[in-house]
$ cat structure_14.cif   # mmCIF, C-alpha atoms and all ligand atoms
data_protein
loop_
_atom_site.label_atom_id
_atom_site.label_comp_id
_atom_site.auth_asym_id
_atom_site.auth_seq_id
_atom_site.Cartn_x
_atom_site.Cartn_y
_atom_site.Cartn_z
CA MET A 1 186.79 145.83 75.82
CA HIS A 2 190.19 146.62 77.32
CA SER A 3 192.85 144.32 75.93
CA ARG A 4 195.57 144.71 78.60
CA VAL A 5 194.83 145.83 82.14
CA LEU A 6 197.37 146.82 84.80
CA LEU A 7 195.70 146.19 88.15
CA ALA A 8 197.57 147.50 91.18
CA GLY A 9 196.25 145.95 94.39
CA GLY A 10 194.72 142.98 92.56
CA ALA A 11 195.36 140.54 95.42
CA GLY A 12 193.09 142.56 97.69
CA PHE A 13 189.38 142.29 98.29
CA VAL A 14 188.06 144.64 95.57
CA GLY A 15 191.02 144.13 93.21
CA SER A 16 190.66 140.36 93.07
CA HIS A 17 187.02 140.68 92.00
CA LEU A 18 188.11 143.13 89.31
CA ALA A 19 190.71 140.61 88.11
CA ASP A 20 187.92 138.02 87.79
CA HIS A 21 185.77 140.45 85.85
CA PHE A 22 188.37 141.57 83.34
CA LEU A 23 189.60 138.02 82.70
CA GLU A 24 186.02 136.89 82.11
CA ALA A 25 185.60 139.82 79.72
CA GLY A 26 188.59 138.57 77.70
CA SER A 27 191.28 141.04 78.81
CA GLU A 28 194.86 140.23 79.72
CA VAL A 29 195.34 141.18 83.38
CA VAL A 30 198.63 142.01 85.09
CA VAL A 31 198.30 142.27 88.88
CA VAL A 32 200.99 144.07 90.85
CA ASP A 33 200.60 143.68 94.59
CA ASN A 34 203.10 143.72 97.44
CA LEU A 35 200.69 141.74 99.68
CA ILE A 36 200.89 144.29 102.49
CA THR A 37 197.16 143.74 103.13
CA GLY A 38 196.25 141.37 100.30
CA PHE A 39 196.44 137.60 99.99
CA LYS A 40 197.67 135.25 97.29
CA THR A 41 194.67 133.04 98.09
CA ASN A 42 192.39 135.76 96.64
CA ILE A 43 193.88 135.15 93.19
CA ALA A 44 195.03 131.51 93.56
CA HIS A 45 192.13 130.36 91.37
CA LEU A 46 193.55 132.44 88.48
CA ALA A 47 197.03 130.87 88.50
CA HIS A 48 196.23 128.53 85.57
CA GLU A 49 194.81 131.36 83.45
CA PRO A 50 197.19 132.17 80.54
CA ARG A 51 195.98 135.79 80.32
CA PHE A 52 196.77 136.39 84.00
CA THR A 53 200.11 137.49 85.48
CA PHE A 54 200.82 138.14 89.14
CA ILE A 55 203.84 140.23 90.10
CA GLU A 56 204.59 140.44 93.81
CA ASP A 57 206.07 143.92 94.07
CA ASP A 58 205.47 147.47 95.17
CA ALA A 59 203.30 149.15 92.55
CA THR A 60 205.77 152.04 92.21
CA ASN A 61 207.86 149.57 90.19
CA SER A 62 205.06 149.26 87.62
CA GLU A 63 206.82 151.88 85.52
CA SER A 64 209.42 149.29 84.53
CA LEU A 65 206.75 146.88 83.20
CA PRO A 66 206.67 146.63 79.42
CA GLY A 67 203.56 148.17 77.84
CA ALA A 68 201.27 148.71 76.36
CA PHE A 69 198.35 148.80 78.77
CA ASP A 70 195.05 150.35 77.75
CA LEU A 71 193.64 150.44 81.30
CA VAL A 72 195.44 151.17 84.57
CA LEU A 73 193.49 150.55 87.78
CA HIS A 74 194.85 151.88 91.08
CA PHE A 75 193.38 149.74 93.87
CA ALA A 76 196.60 149.45 95.87
CA SER A 77 196.24 150.84 99.37
CA PRO A 78 195.57 149.57 102.86
CA ALA A 79 191.86 150.30 103.18
CA SER A 80 190.50 149.49 106.62
CA PRO A 81 191.20 151.74 109.62
CA PRO A 82 193.19 149.14 111.62
CA ARG A 83 195.27 148.33 108.53
CA TYR A 84 196.08 151.91 107.53
CA LEU A 85 196.72 152.88 111.15
CA ALA A 86 199.15 149.94 111.36
CA HIS A 87 200.82 151.03 108.08
CA PRO A 88 200.63 154.83 108.10
CA ILE A 89 203.69 155.58 105.97
CA GLU A 90 202.90 152.80 103.49
CA THR A 91 199.37 154.23 103.15
CA LEU A 92 200.68 157.72 102.37
CA HIS A 93 203.09 156.07 99.92
CA ALA A 94 200.19 154.26 98.23
CA GLY A 95 198.35 157.54 97.72
CA SER A 96 201.39 159.51 96.61
CA SER A 97 204.30 157.65 94.93
CA VAL A 98 202.18 154.72 93.76
CA THR A 99 199.60 157.05 92.22
CA GLU A 100 202.33 158.99 90.43
CA ALA A 101 203.98 155.82 89.09
CA LEU A 102 200.68 154.44 87.79
CA LEU A 103 199.75 157.77 86.23
CA ASN A 104 203.12 157.72 84.46
CA VAL A 105 202.30 154.30 83.02
CA ALA A 106 198.90 155.58 81.84
CA GLN A 107 200.56 158.63 80.29
CA ARG A 108 203.24 156.49 78.60
CA ASP A 109 200.68 154.09 77.10
CA GLY A 110 197.78 156.49 76.47
CA ALA A 111 195.68 154.31 78.82
CA ARG A 112 192.52 155.03 80.75
CA PHE A 113 193.40 155.43 84.45
CA VAL A 114 190.97 154.81 87.31
CA LEU A 115 191.76 155.78 90.89
CA ALA A 116 189.93 154.05 93.75
CA SER A 117 189.33 156.96 96.06
CA THR A 118 187.06 156.78 99.05
CA SER A 119 184.11 158.26 100.89
CA GLU A 120 186.69 159.04 103.58
CA VAL A 121 187.69 162.13 101.58
CA TYR A 122 184.45 163.54 103.06
CA GLY A 123 185.84 162.92 106.58
CA ASP A 124 183.21 163.24 109.28
CA PRO A 125 180.73 164.93 106.95
CA SER A 126 178.69 167.96 107.91
CA VAL A 127 176.31 167.49 104.97
CA HIS A 128 174.19 164.44 104.39
CA PRO A 129 174.03 162.54 102.09
CA GLN A 130 177.41 163.29 100.56
CA SER A 131 177.50 164.42 96.96
CA GLU A 132 180.67 164.98 94.97
CA THR A 133 180.30 168.75 95.33
CA TYR A 134 180.87 168.52 99.10
CA TRP A 135 184.53 169.28 99.92
CA GLY A 136 184.70 167.33 103.13
CA ASN A 137 185.46 167.74 106.80
CA VAL A 138 188.84 166.12 107.21
CA SER A 139 191.60 166.52 109.79
CA SER A 140 194.98 166.79 108.09
CA THR A 141 196.80 165.71 111.26
CA GLY A 142 194.55 163.16 112.98
CA PRO A 143 195.36 159.43 112.90
CA ARG A 144 193.04 158.79 109.94
CA SER A 145 194.67 161.57 107.92
CA VAL A 146 197.22 159.09 106.54
CA TYR A 147 194.40 157.58 104.51
CA ASP A 148 192.05 160.54 103.91
CA GLU A 149 194.77 162.97 102.92
CA ALA A 150 196.64 160.39 100.84
CA LYS A 151 193.47 159.86 98.83
CA ARG A 152 192.83 163.59 98.52
CA TYR A 153 196.39 164.02 97.22
CA ALA A 154 195.88 161.07 94.83
CA GLU A 155 192.73 162.74 93.49
CA ALA A 156 194.56 166.05 93.06
CA LEU A 157 197.42 164.31 91.26
CA SER A 158 195.01 162.50 88.92
CA PHE A 159 193.34 165.78 88.01
CA ALA A 160 196.73 167.46 87.53
CA TYR A 161 197.83 164.71 85.10
CA ARG A 162 194.58 165.18 83.18
CA ARG A 163 195.01 168.94 83.00
CA SER A 164 198.79 168.98 82.39
CA PHE A 165 199.31 165.88 80.21
CA GLY A 166 195.85 165.01 78.91
CA VAL A 167 195.79 161.62 80.65
CA ASP A 168 192.33 160.02 80.58
CA THR A 169 191.93 159.87 84.36
CA GLY A 170 188.82 158.90 86.30
CA VAL A 171 188.31 159.22 90.05
CA ILE A 172 185.71 157.12 91.83
CA ARG A 173 184.87 157.40 95.50
CA LEU A 174 183.98 153.99 96.87
CA PHE A 175 181.71 153.81 99.88
CA ASN A 176 181.74 150.85 102.27
CA THR A 177 181.84 147.70 100.18
CA TYR A 178 181.43 144.17 101.46
CA GLY A 179 181.37 140.62 100.18
CA PRO A 180 183.39 137.44 99.79
CA ARG A 181 187.21 137.71 100.20
CA MET A 182 187.11 140.45 102.82
CA ASP A 183 189.88 139.95 105.33
CA PRO A 184 188.11 138.62 108.46
CA ASP A 185 190.70 140.33 110.65
CA ASP A 186 190.97 143.78 109.08
CA GLY A 187 188.53 145.38 111.50
CA ARG A 188 185.80 146.41 109.05
CA ALA A 189 182.30 146.05 110.40
CA VAL A 190 180.86 143.33 108.16
CA PRO A 191 183.71 140.80 108.40
CA ALA A 192 184.16 141.50 112.12
CA PHE A 193 180.43 140.98 112.74
CA VAL A 194 180.17 137.87 110.54
CA LYS A 195 183.26 136.30 112.07
CA ALA A 196 181.93 136.87 115.59
CA ALA A 197 178.42 135.69 114.70
CA LEU A 198 179.67 132.45 113.15
CA ALA A 199 181.88 131.75 116.17
CA GLY A 200 179.03 132.56 118.57
CA ASN A 201 181.17 135.34 120.10
CA PRO A 202 179.89 138.78 121.15
CA ILE A 203 179.58 141.21 118.19
CA PRO A 204 181.94 144.16 118.77
CA LEU A 205 179.99 147.41 118.31
CA HIS A 206 181.68 150.82 118.59
CA GLY A 207 179.79 153.48 120.53
CA ASP A 208 176.10 152.72 120.87
CA GLY A 209 175.85 151.38 117.32
CA SER A 210 173.69 154.27 116.13
CA GLN A 211 176.30 155.57 113.69
CA THR A 212 175.32 154.70 110.12
CA ARG A 213 176.98 153.03 107.17
CA SER A 214 175.71 152.41 103.66
CA LEU A 215 176.84 149.02 102.43
CA CYS A 216 177.47 148.22 98.78
CA PHE A 217 177.78 144.60 97.70
CA ILE A 218 180.97 143.81 95.79
CA ASP A 219 179.19 142.75 92.56
CA ASP A 220 177.47 146.15 92.39
CA GLN A 221 180.75 147.89 93.17
CA VAL A 222 182.55 146.02 90.37
CA ARG A 223 179.82 147.01 87.86
CA GLY A 224 180.25 150.64 88.89
CA ILE A 225 184.04 150.54 88.57
CA VAL A 226 183.80 148.82 85.20
CA ALA A 227 181.33 151.46 83.97
CA MET A 228 183.76 154.18 85.05
CA ALA A 229 186.67 152.37 83.40
CA GLY A 230 184.70 152.12 80.16
CA SER A 231 183.91 155.84 80.15
CA HIS A 232 186.09 158.91 79.77
CA GLU A 233 184.52 160.67 82.75
CA PRO A 234 186.99 162.49 85.03
CA GLY A 235 184.82 162.17 88.13
CA PRO A 236 184.89 162.27 91.01
CA VAL A 237 181.91 159.92 91.03
CA ASN A 238 180.49 158.26 94.14
CA ILE A 239 179.97 154.51 93.86
CA GLY A 240 178.09 153.14 96.82
CA ASN A 241 174.71 152.00 98.00
CA PRO A 242 172.53 154.79 99.44
CA HIS A 243 170.65 152.33 101.65
CA GLU A 244 171.70 153.67 105.06
CA GLN A 245 171.61 151.49 108.16
CA SER A 246 172.87 151.84 111.70
CA LEU A 247 175.70 149.54 112.74
CA LEU A 248 173.31 148.02 115.26
CA GLU A 249 170.84 147.15 112.47
CA ILE A 250 173.66 145.60 110.45
CA ALA A 251 174.81 143.55 113.47
CA GLU A 252 171.26 142.37 114.14
CA ALA A 253 170.74 141.38 110.48
CA ILE A 254 173.96 139.35 110.51
CA ILE A 255 172.96 137.58 113.74
CA ARG A 256 169.56 136.73 112.26
CA LEU A 257 170.78 135.63 108.82
CA SER A 258 173.59 133.49 110.20
CA GLY A 259 171.33 131.85 112.78
CA SER A 260 173.76 132.94 115.49
CA THR A 261 173.20 133.12 119.23
CA SER A 262 175.65 136.05 119.57
CA THR A 263 174.79 139.25 121.40
CA VAL A 264 176.27 142.70 120.80
CA GLU A 265 179.07 144.09 122.98
CA LEU A 266 179.69 147.85 123.15
CA HIS A 267 183.24 149.23 122.73
CA PRO A 268 184.59 152.83 122.79
CA ARG A 269 184.46 154.63 119.45
CA PRO A 270 187.74 155.23 117.60
CA VAL A 271 189.00 158.82 117.07
CA ASP A 272 187.44 160.55 114.00
CA ASP A 273 184.98 157.67 113.45
CA PRO A 274 182.40 159.20 111.11
CA GLU A 275 178.87 159.53 112.47
CA ARG A 276 177.00 159.12 109.20
CA ARG A 277 177.87 157.99 105.70
CA GLN A 278 175.52 157.88 102.76
CA PRO A 279 176.40 158.42 99.12
CA ASP A 280 174.42 160.63 96.82
CA ILE A 281 174.66 158.58 93.62
CA THR A 282 172.80 160.93 91.29
CA LEU A 283 175.97 161.48 89.28
CA ALA A 284 176.73 157.76 88.87
CA GLN A 285 173.16 157.20 87.68
CA LEU A 286 173.36 160.11 85.27
CA LEU A 287 176.86 159.68 83.85
CA LEU A 288 177.34 155.91 84.06
CA GLY A 289 173.77 154.59 84.13
CA TRP A 290 174.80 152.79 87.33
CA SER A 291 172.90 152.04 90.48
CA PRO A 292 173.18 149.14 92.93
CA LEU A 293 170.97 146.10 92.36
CA VAL A 294 171.75 143.69 95.20
CA ASN A 295 169.69 144.09 98.35
CA VAL A 296 171.49 143.93 101.67
CA GLU A 297 169.89 140.67 102.76
CA ASP A 298 171.04 138.80 99.61
CA GLY A 299 174.50 140.35 99.81
CA LEU A 300 174.88 139.46 103.47
CA ASN A 301 173.71 135.89 102.85
CA THR A 302 176.33 135.43 100.12
CA THR A 303 178.99 136.92 102.39
CA ILE A 304 178.02 134.79 105.38
CA ASP A 305 178.10 131.64 103.18
CA TRP A 306 181.59 132.53 101.99
CA PHE A 307 182.90 133.09 105.51
CA ARG A 308 181.28 129.85 106.66
CA ASN A 309 183.03 127.90 103.86
CA GLU A 310 186.36 129.57 104.62
CA ARG A 311 186.07 128.58 108.27
CA SER A 312 185.44 124.95 107.36
CA LYS A 313 188.53 124.76 105.08
P1 LIG B 1 192.61 145.52 100.39
O1 LIG B 1 193.54 145.85 101.50
O2 LIG B 1 191.90 144.21 100.44
O3 LIG B 1 193.38 145.59 99.00
C1 LIG B 1 194.39 146.52 98.74
C2 LIG B 1 195.52 145.80 98.03
O4 LIG B 1 196.56 146.72 97.71
C3 LIG B 1 196.15 144.71 98.91
O5 LIG B 1 196.21 143.50 98.19
C4 LIG B 1 197.53 145.26 99.22
O6 LIG B 1 198.48 144.26 99.43
C5 LIG B 1 197.81 146.12 97.99
N1 LIG B 1 198.79 147.18 98.17
C6 LIG B 1 198.81 148.16 99.12
N2 LIG B 1 199.87 148.96 98.94
C7 LIG B 1 200.52 148.50 97.85
C8 LIG B 1 201.69 148.92 97.15
N3 LIG B 1 202.42 149.97 97.54
N4 LIG B 1 202.08 148.22 96.06
C9 LIG B 1 201.36 147.14 95.65
N5 LIG B 1 200.26 146.69 96.27
C10 LIG B 1 199.85 147.37 97.36
O7 LIG B 1 191.58 146.71 100.28
P2 LIG B 1 190.26 146.82 99.37
O8 LIG B 1 189.10 146.89 100.27
O9 LIG B 1 190.29 145.80 98.30
O10 LIG B 1 190.47 148.27 98.74
C11 LIG B 1 190.98 148.44 97.42
C12 LIG B 1 191.01 149.91 97.07
O11 LIG B 1 189.68 150.45 97.15
C13 LIG B 1 191.88 150.73 98.02
O12 LIG B 1 192.52 151.75 97.28
C14 LIG B 1 190.87 151.35 98.96
O13 LIG B 1 191.32 152.58 99.49
C15 LIG B 1 189.67 151.55 98.05
N6 LIG B 1 188.41 151.58 98.82
C16 LIG B 1 187.87 150.43 99.31
C17 LIG B 1 186.68 150.49 100.04
C18 LIG B 1 186.02 149.25 100.59
O14 LIG B 1 184.94 149.37 101.20
N7 LIG B 1 186.56 148.07 100.41
C19 LIG B 1 186.06 151.73 100.27
C20 LIG B 1 186.67 152.87 99.79
C21 LIG B 1 187.83 152.78 99.04
#
$ encode --input "structure_14.cif" --output "structure tokens" --more "lines below"
Ligand code: NAD
Amino acid sequence: MHSRVLLAGGAGFVGSHLADHFLEAGSEVVVVDNLITGFKTNIAHLAHEPRFTFIEDDATNSESLPGAFDLVLHFASPASPPRYLAHPIETLHAGSSVTEALLNVAQRDGARFVLASTSEVYGDPSVHPQSETYWGNVSSTGPRSVYDEAKRYAEALSFAYRRSFGVDTGVIRLFNTYGPRMDPDDGRAVPAFVKAALAGNPIPLHGDGSQTRSLCFIDDQVRGIVAMAGSHEPGPVNIGNPHEQSLLEIAEAIIRLSGSTSTVELHPRPVDDPERRQPDITLAQLLLGWSPLVNVEDGLNTTIDWFRNERSK
């Protein structure tokens, strides 16, 4: 067990579930989050917890926090295309200065460090499915580069700290993750579809909906991250669900499971929108003994229920 965890980005979607996990496991958890894309409501239920501290600040200031931490988790970055396109400089900052500050904390305290990287380092991939040995097809100047290249730099920095200073770094590449506490307005497919379906509005589909995504439920994702945190593996390791579906299939499943009368509405595709995404998770299975357990229907039902309850609040 980790006794004291520094969790940057803990008021976000994935981070808040990690906070729940580590508190349940008995750790002390310090969340640093500047709320650029996160919400206090995601961690409001933890306010009474004596082992939980929330610091509203930029994670670069984590270096001034008193140690010692034995685990540093870097989950602080705008993550959805509309959010990182709206905050391009802040996203590059999250990949660069924030990563360096958190690595410095891990070096200072001799802590395990885990970087949340992304399948977007593969860009619009020319190999399928994507394994960690694939180097990617990424534009360094396109609009999405603020996210892709920031993460690629963050990975390079993590590996440099391991090689130069012996820091116990681990890089995981998250693929599309969904579940309760996703921001309904951040433009990602599942929350956008669920929100529209519950309101009976048309479901916004980009292109003809044939582009694919592989959706990983948050509980599976958290188990994968925790397995990586508990190991000394450097990575990079893909954590995602290989079950590939077209966006149209996902939209239709959400309409069916939510009992909605919505229809789909086609919109132009954004620049650099990847055609296909599917993780090869052989490495995660081999090194971490991890594979996803939640089927899409169960995960979507849980997500739809959460959004329904939020709407009625
Ligand atoms: P999110 O936007 O819900 O959470 C990110 C959190 O980081 C937010 O609370 C935000 O306020 C905070 N943050 C951003 N910059 C910060 C800074 N400089 N200082 C302090 N806090 C800052 O996004 P998420 O979906 O929870 O993603 C979490 C991490 O996982 C991100 O690094 C993201 O790139 C990565 N990731 C997520 C997915 C996914 O499907 N959700 C996929 C791939 C990678």
$ residues_near_ligand --input "structure_14.cif" --ligand "ligand LIG 1 (chain B)" --cutoff "6 Å" --atoms "all atoms listed in the file" --output "PyMOL selection string"
chain A and resi 8-15+32-38+57-59+75-79+94+116-118+174-177
$ atom_distance --input "structure_14.cif" --atom1 "CA of Gly26 in chain A" --atom2 "CA of Thr60 in chain A"
26.2 Å
$ atom_distance --input "structure_14.cif" --atom1 "CA of Asp219 in chain A" --atom2 "CA of Leu18 in chain A"
9.5 Å
$ residues_around --input "structure_14.cif" --residues "Val296 in chain A" --least-positions-apart "3" --cutoff "8 Å" --atoms "all atoms listed in the file" --output "ChimeraX atom specification"
/A:215-217,299-300
$ atom_distance --input "structure_14.cif" --atom1 "CA of Phe165 in chain A" --atom2 "CA of Ala284 in chain A"
25.5 Å
$ closest_residue --input "structure_14.cif" --among "A:Pro268, A:Gly123, A:Gly67, A:Pro81" --to "Asn104 in chain A" --atoms "all atoms listed in the file"
A:Gly67
$ residues_around --input "structure_14.cif" --residues "Asp20 in chain A" --least-positions-apart "6" --cutoff "12 Å" --atoms "all atoms listed in the file" --output "list in words"
Val5, Leu7, Gly10, Ala11, Phe13, Val14, Gly26, Ser27, Glu28, Val29, Val30, Val31, Asn42, Ile43, Ala44, His45, Leu46, Ala47, Glu49, Arg51, Phe52, Asp219, Val222 and Val226 of chain A
$ closest_residue --input "structure_14.cif" --among "A:Glu100, A:Glu149, A:Glu265, A:Glu120" --to "Glu63 in chain A" --atoms "all atoms listed in the file"
A:Glu100
$ closest_atom_pairs --input "structure_14.cif" --of "range 192-303 of chain A" --to "range 106-115 of chain A" --cutoff "10 Å" --atoms "all atoms listed in the file" --output "Markdown table"
| residue | atom | partner | partner_atom | distance |
| --- | --- | --- | --- | --- |
| A:Ile225 | CA | A:Val114 | CA | 8.2 |
| A:Val226 | CA | A:Val114 | CA | 9.6 |
| A:Met228 | CA | A:Val114 | CA | 7.6 |
| A:Ala229 | CA | A:Val114 | CA | 6.3 |
| A:Gly230 | CA | A:Arg112 | CA | 8.4 |
| A:Ser231 | CA | A:Arg112 | CA | 8.7 |
| A:His232 | CA | A:Arg112 | CA | 7.6 |
| A:Glu233 | CA | A:Val114 | CA | 9.8 |
| A:Pro234 | CA | A:Val114 | CA | 8.9 |
| A:Gly235 | CA | A:Val114 | CA | 9.6 |
| A:Pro236 | CA | A:Leu115 | CA | 9.5 |
$ closest_residue --input "structure_14.cif" --among "A:Arg162, A:Leu257, A:Ile239, A:Asn301" --to "Gly289 in chain A" --atoms "all atoms listed in the file"
A:Ile239
$ residues_around --input "structure_14.cif" --residues "Gly207 in chain A" --least-positions-apart "5" --cutoff "10 Å" --atoms "all atoms listed in the file" --output "compact mmCIF listing (two decimals) with C-alpha atoms, in the frame of the given file"
# COMPACT_ATOMS: atom_id res chain seq x y z
CA LEU A 247 175.70 149.54 112.74
CA LEU A 248 173.31 148.02 115.26
CA GLU A 265 179.07 144.09 122.98
CA LEU A 266 179.69 147.85 123.15
CA HIS A 267 183.24 149.23 122.73
CA PRO A 268 184.59 152.83 122.79
CA ARG A 269 184.46 154.63 119.45
CA PRO A 270 187.74 155.23 117.60
CA ASP A 273 184.98 157.67 113.45
$ residues_around --input "structure_14.cif" --residues "Asp280 in chain A" --least-positions-apart "2" --cutoff "10 Å" --atoms "all atoms listed in the file" --output "JSON, numbers by chain"
{"A": [128, 129, 130, 131, 132, 237, 238, 239, 240, 241, 242, 277, 278, 282, 283, 284, 285]}
$ residues_around --input "structure_14.cif" --residues "Lys195 in chain A" --least-positions-apart "6" --cutoff "12 Å" --atoms "all atoms listed in the file" --output "list of chain:residue names"
A:Met182, A:Asp183, A:Pro184, A:Asp185, A:Asp186, A:Gly187, A:Arg188, A:Ala189, A:Asn201, A:Pro202, A:Ile203, A:Pro204, A:Ala251, A:Ile254, A:Ile255, A:Ser258, A:Ser260, A:Ser262, A:Thr303, A:Ile304, A:Asp305, A:Trp306, A:Phe307, A:Arg308, A:Asn309, A:Glu310, A:Arg311
$ closest_residue --input "structure_14.cif" --among "A:Leu92, A:Leu103, A:Leu85, A:Val138" --to "Phe159 in chain A" --atoms "only C-alpha atoms"
A:Leu103
$ closest_residue --input "structure_14.cif" --among "A:Ser96, A:Ser80, A:Ser312, A:Ser246" --to "Tyr153 in chain A" --atoms "all atoms listed in the file"
A:Ser96
$ build_atoms --input "structure_14.cif" --residues "range 104-118 of chain A" --atoms "N, CA and C atoms" --output "short mmCIF file (atom, residue, chain, number, x, y, z; two decimals), in the frame of the given file"
data_model
loop_
_atom_site.label_atom_id
_atom_site.label_comp_id
_atom_site.auth_asym_id
_atom_site.auth_seq_id
_atom_site.Cartn_x
_atom_site.Cartn_y
_atom_site.Cartn_z
N ASN A 104 202.07 157.68 85.48
CA ASN A 104 203.12 157.72 84.46
C ASN A 104 202.95 156.59 83.45
N VAL A 105 202.55 155.41 83.94
CA VAL A 105 202.30 154.30 83.02
C VAL A 105 201.14 154.65 82.09
N ALA A 106 200.07 155.21 82.66
CA ALA A 106 198.90 155.58 81.84
C ALA A 106 199.29 156.64 80.81
N GLN A 107 200.12 157.58 81.22
CA GLN A 107 200.56 158.63 80.29
C GLN A 107 201.42 158.01 79.17
N ARG A 108 202.35 157.13 79.58
CA ARG A 108 203.24 156.49 78.60
C ARG A 108 202.45 155.74 77.53
N ASP A 109 201.39 155.00 78.00
CA ASP A 109 200.68 154.09 77.10
C ASP A 109 199.40 154.69 76.52
N GLY A 110 199.05 155.91 76.93
CA GLY A 110 197.78 156.49 76.47
C GLY A 110 196.59 155.71 77.01
N ALA A 111 196.72 155.19 78.24
CA ALA A 111 195.68 154.31 78.82
C ALA A 111 194.66 155.12 79.63
N ARG A 112 193.50 154.54 79.77
CA ARG A 112 192.52 155.03 80.75
C ARG A 112 193.07 154.70 82.14
N PHE A 113 192.91 155.63 83.09
CA PHE A 113 193.40 155.43 84.45
C PHE A 113 192.23 155.61 85.41
N VAL A 114 192.04 154.65 86.31
CA VAL A 114 190.97 154.81 87.31
C VAL A 114 191.57 154.71 88.72
N LEU A 115 191.31 155.74 89.50
CA LEU A 115 191.76 155.78 90.89
C LEU A 115 190.62 155.38 91.82
N ALA A 116 190.89 154.39 92.69
CA ALA A 116 189.93 154.05 93.75
C ALA A 116 190.12 155.02 94.90
N SER A 117 189.33 156.08 94.91
CA SER A 117 189.33 156.96 96.06
C SER A 117 188.23 156.48 97.01
N THR A 118 187.88 157.29 97.95
CA THR A 118 187.06 156.78 99.05
C THR A 118 186.10 157.83 99.60
#
